[in-house]
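K.L.:
Got a structure for you, written out below as structure tokens; questions coming shortly.
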Amino acid sequence: MFVHIHKTVTKTIGLSDDAYQRLAAIKRDDESFSDLVRRLTGAHALRRLAGTMSSEVADHYRKSIERGRRKATKERGKRIRGMLDR
């Protein structure tokens, strides 16, 4: 005999009013907010976004990400040097 036990853990998250309204606007009538989050974060969710951003906006994000990575690498190097100098 096979018994499936489904354990549900409830978590409370805080959303600003505008974030809630955005989610509520795209939530389908037959889905819960948990279902909505699963749908938006599923394996193929990012593929649906392909081509929706202008090249100018994409370049802005790409440059911002590159700056963040360079900064993180520099800070990580400083921490490592600090540990080695002890």
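Letters A, B, ... go to the chains of the structure tokens in the order shown; residues in each chain start at 1; ligands are counted from 1 in the same order.
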Near stretch 13-18 of chain A, counting only C-alpha atoms, which residues have an atom at most 12 Å away, once you skip same-chain residues fewer than 5 positions from it, shown as a list of chain:residue names?

P.N.:
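Here the qualifying residues turn out to be A:Leu23, A:Ala24, A:Ala25, A:Phe33, A:Ser34.
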
K.L.:
Can you list every residue in chain A that DSSP puts in helix (DSSP H, G or I), as an MDAnalysis selection string?

P.N.:
chainID A and resid 17:26 33:40 46:49 55:84

K.L.:
Record the distance separating atom CA of A:Arg47 and atom CA of A:Arg70, expressed in Å with one decimal.

P.N.:
27.0 Å

K.L.:
One decimal, in Å: what's the spacing between atom CA of A:Arg28 and atom CA of A:Arg48?

P.N.:
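According to the coordinates, atom CA of A:Arg28 and atom CA of A:Arg48 are separated by 17.1 Å.
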
K.L.:
Could you give me, as a ChimeraX atom specification, the residues within 12 Å of A:Leu36, counting only C-alpha atoms and dropping anything in the same chain fewer than 4 positions from it?

P.N.:
/A:20,22-32,40-42,45
